[in-house]
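J.: The structure is given below, and queries will be raised subsequently.
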Amino acid sequence: MPACGDGRHPPTPAPPFFPVVEEVVSVSDDAKQPAAGPEPGRGQRTGVWFIGARGSVATTAVAGCAALAAGLRPPTGMVTETPAFASAGLPPLASLVFGGHDTVDWSLPKRAEALAEQGVLPPGLAGSVHTELAAADREIRTGGPLPGDGRSDEQLIAAFTGDIAGFTARTGVARTVVVNVASTEPLPGAGDERLPASSLYAAAALRAGCAYVNFTPSTGIRHPALAALAAGAGVPHAGRDGKTGQTLLRAVLAPMFHQRALEVRAWSGTNLLGGGDGAALADQAAAAAKNAGKNRVLADNLGTMPEGEVHIDDVPALGEWKTAWDHVAFEGFLGSRMILQTIWQGCDSALAAPLVLDLARLAARAHQAGLSGPLPQLGFYFKDPDDHAAPALAQQYQALTAFAADLGRAR
């Protein structure tokens, strides 16, 4: 199956019960940002190579970065734009140059227009940043393996490495970060002889000398066959499976129950989602990969895995929007039985895009500072962070801000 993109079909319109703000993009006094200054020259820019470059998350990230750099919108949701990161030496948003791999052929400008129709992007924004979207689209190369592709794993890795290295040389960026935002793939089986597509791309990133971030539940760099390559590549890499909604709440609520000595008896959940993620997660093997990270957050914070499962239902009519419901049964003093329920409604692409930009900037700065290997300090962003990352969100945030301070001293 193709590894990139958010499904084969164009997005469907937003359901009527999700409000869409009907206004043109304007720059109000409150929304104006400081002028970006002169555009960084060659050698002062940072490349961001998306796996799944024409998907919803990548499109939202590219459009959002352009809008923020131009002062069209405030950086809401971007942790790295808060004061704690001002001295970390992160690459400016205006210095980011985008490209990537994908297996679909619709253009980024067209995808951005479709996302605007669904209310993911503000009305008029796609037109305002058309030039930046088109520039990124010209740097997207065909990924794979596509059906019928007879190339070996080694041939595919070599081709992907060449694409990434060519982008770095052609654009003149100082370094490139590879970020996987493709659709979730099933975990590899015990008898699989071929590497999963996500691991082919991860191997290519390592060979090209690039920092690597896996924002998906797919195997990526964690395949055993890549262990030696990852250890010897001398580049930083981070995490697996970004936490944007339901698991973000779990990372806050589970420590609360544990710290208040309340016994969690069962924790069940349901996800209703459409778009490419809904279609991809209709595959039970892919859903199992997704749920592994959700369960890890509970097990790590509670010390045990309570009863209950997460069900993921594909509802195409929801388009890019998602509803996540959790039901927590817990026991209090003298055995009193109680229940907590939460409902989260949101757009994963709009939640994920600022985090993806954060991670690209942090990984690039870590690479510049000479760091290599896993970055547990970035566990704040992941359901399944690197080993030794703190499990609770508050602890993860403290580790992240401490890391930002360290980066600021490593000039």
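Identifiers in the structure tokens: chain A, B, ... in order shown; residue index from 1 per chain; ligand index from 1 in order shown.
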DSSP says helix (DSSP H, G or I) for which residues of range 101-265 of chain A? Put them as a PyMOL selection string?
T.: chain A and resi 108-117+125-128+130-137+153-171+197-207+220-222+224-232+246-259
J.: Please tabulate, as CSV, the residues of range 309-376 of chain A that come within 12 Å of range 110-130 of chain A, each with its closest pair of atoms and the distance in Å to one decimal, counting only C-alpha atoms and ordering rows by chain, then residue number upward.
T.:
residue,atom,partner,partner_atom,distance
A:Ala317,CA,A:Gln118,CA,11.2
A:Leu318,CA,A:Gln118,CA,9.7
A:Gly319,CA,A:Gln118,CA,7.6
A:Glu320,CA,A:Gln118,CA,7.3
A:Trp321,CA,A:Val120,CA,8.6
A:Lys322,CA,A:Val120,CA,11.9
A:Gly346,CA,A:Val120,CA,9.7
A:Cys347,CA,A:Val120,CA,7.0
A:Asp348,CA,A:Val120,CA,9.3
A:Ser349,CA,A:Val120,CA,7.5
A:Ala350,CA,A:Val120,CA,6.5
A:Leu351,CA,A:Val120,CA,10.0
A:Ala352,CA,A:Val120,CA,11.7
A:Ala353,CA,A:Val120,CA,11.0
J.: What's around Glu263 in chain A at 8 Å? Count only C-alpha atoms, leave out sequence neighbours fewer than 5 positions away in its own chain, and write the answer as a list in words.
T.: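 My reading of the contact set: Phe257, His258, Phe330, Glu331 and Gly332 of chain A.
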J.: Mind running range 189-269 of chain A against range 163-169 of chain A at 8 Å and telling me each contacting residue's nearest atom pair with the distance in Å (one decimal), counting only C-alpha atoms, chain and number ascending, as a Markdown table?
T.:
| residue | atom | partner | partner_atom | distance |
| --- | --- | --- | --- | --- |
| A:Ala204 | CA | A:Ile164 | CA | 7.8 |
| A:Ala205 | CA | A:Ile164 | CA | 7.4 |
| A:Ala208 | CA | A:Ala165 | CA | 5.8 |
J.: What would the file look like if the residues just selected were written as a PDB file, in the first residue's frame with N, CA and C atoms?
T.:
ATOM      1  N   ALA A 204      16.482   6.321   4.644  1.00  0.00           N
ATOM      2  CA  ALA A 204      16.934   7.339   3.697  1.00  0.00           C
ATOM      3  C   ALA A 204      17.315   8.620   4.422  1.00  0.00           C
ATOM      4  N   ALA A 205      16.522   9.006   5.422  1.00  0.00           N
ATOM      5  CA  ALA A 205      16.850  10.209   6.186  1.00  0.00           C
ATOM      6  C   ALA A 205      18.206  10.068   6.868  1.00  0.00           C
ATOM      7  N   ALA A 208      21.025  10.255   4.403  1.00  0.00           N
ATOM      8  CA  ALA A 208      21.209  11.610   3.891  1.00  0.00           C
ATOM      9  C   ALA A 208      21.756  12.559   4.953  1.00  0.00           C
TER      10      ALA A 208
END
J.: Just to confirm, what's the straight-line distance from CA of Leu146 in chain A to CA of Val315 in chain A in Å (one decimal)?
T.: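 Pair CA of Leu146 in chain A / CA of Val315 in chain A returns 26.2 Å.
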J.: So, with only C-alpha atoms as the atoms that count, which of A:Cys65, A:Leu156, A:Leu133, A:Leu378 lies closest to Thr401 in chain A?
T.: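 Of A:Cys65, A:Leu156, A:Leu133, A:Leu378, the one nearest Thr401 in chain A is A:Leu378, counting only C-alpha atoms.
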J.: Which residues come within 10 Å of His367 in chain A, counting only C-alpha atoms, excluding same-chain residues fewer than 3 positions away, as a list in words?
T.: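 Within the cut-off, the hits are Arg175, Thr176, Val177, Gly209, Cys210, Ala211, Tyr212, Gly234, Val235, Pro236, His237, Arg361, Leu362, Ala363, Ala364, Gly370, Leu371, Ser372 and Gly373 of chain A.
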J.: For the strand (DSSP E) assignment from backbone DSSP, which residues of range 49-159 of chain A qualify? Please present them as a PyMOL selection string.
T.: chain A and resi 49-51+96-102+140-142
J.: If you count only C-alpha atoms, which residues fall within 7 Å of range 293-297 of chain A, apart from same-chain ones fewer than 5 positions away, as a VMD selection string?
T.: chain A and resid 247 250 to 251 383 to 384 391
J.: Would you pick out the contacts of range 78-84 of chain A at 10 Å or less, using only C-alpha atoms, so that residues sharing its chain but fewer than 5 positions from it are not included, and give the list as a ChimeraX atom specification?
T.: /A:90,92-93,351-359,361-362,397,400-402,404-405
J.: Which residue out of A:Thr216, A:Thr46, A:Phe98, A:Gly77 has the minimum interatomic distance to Lys243 in chain A when only C-alpha atoms are used?
T.: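 Among A:Thr216, A:Thr46, A:Phe98, A:Gly77, it is A:Thr216 that comes nearest to Lys243 in chain A.
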J.: Do you have the CA of Ala324 in chain A-CA of Pro217 in chain A distance handy?
T.: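 So the two atoms, CA of Ala324 in chain A and CA of Pro217 in chain A, lie 17.6 Å apart.
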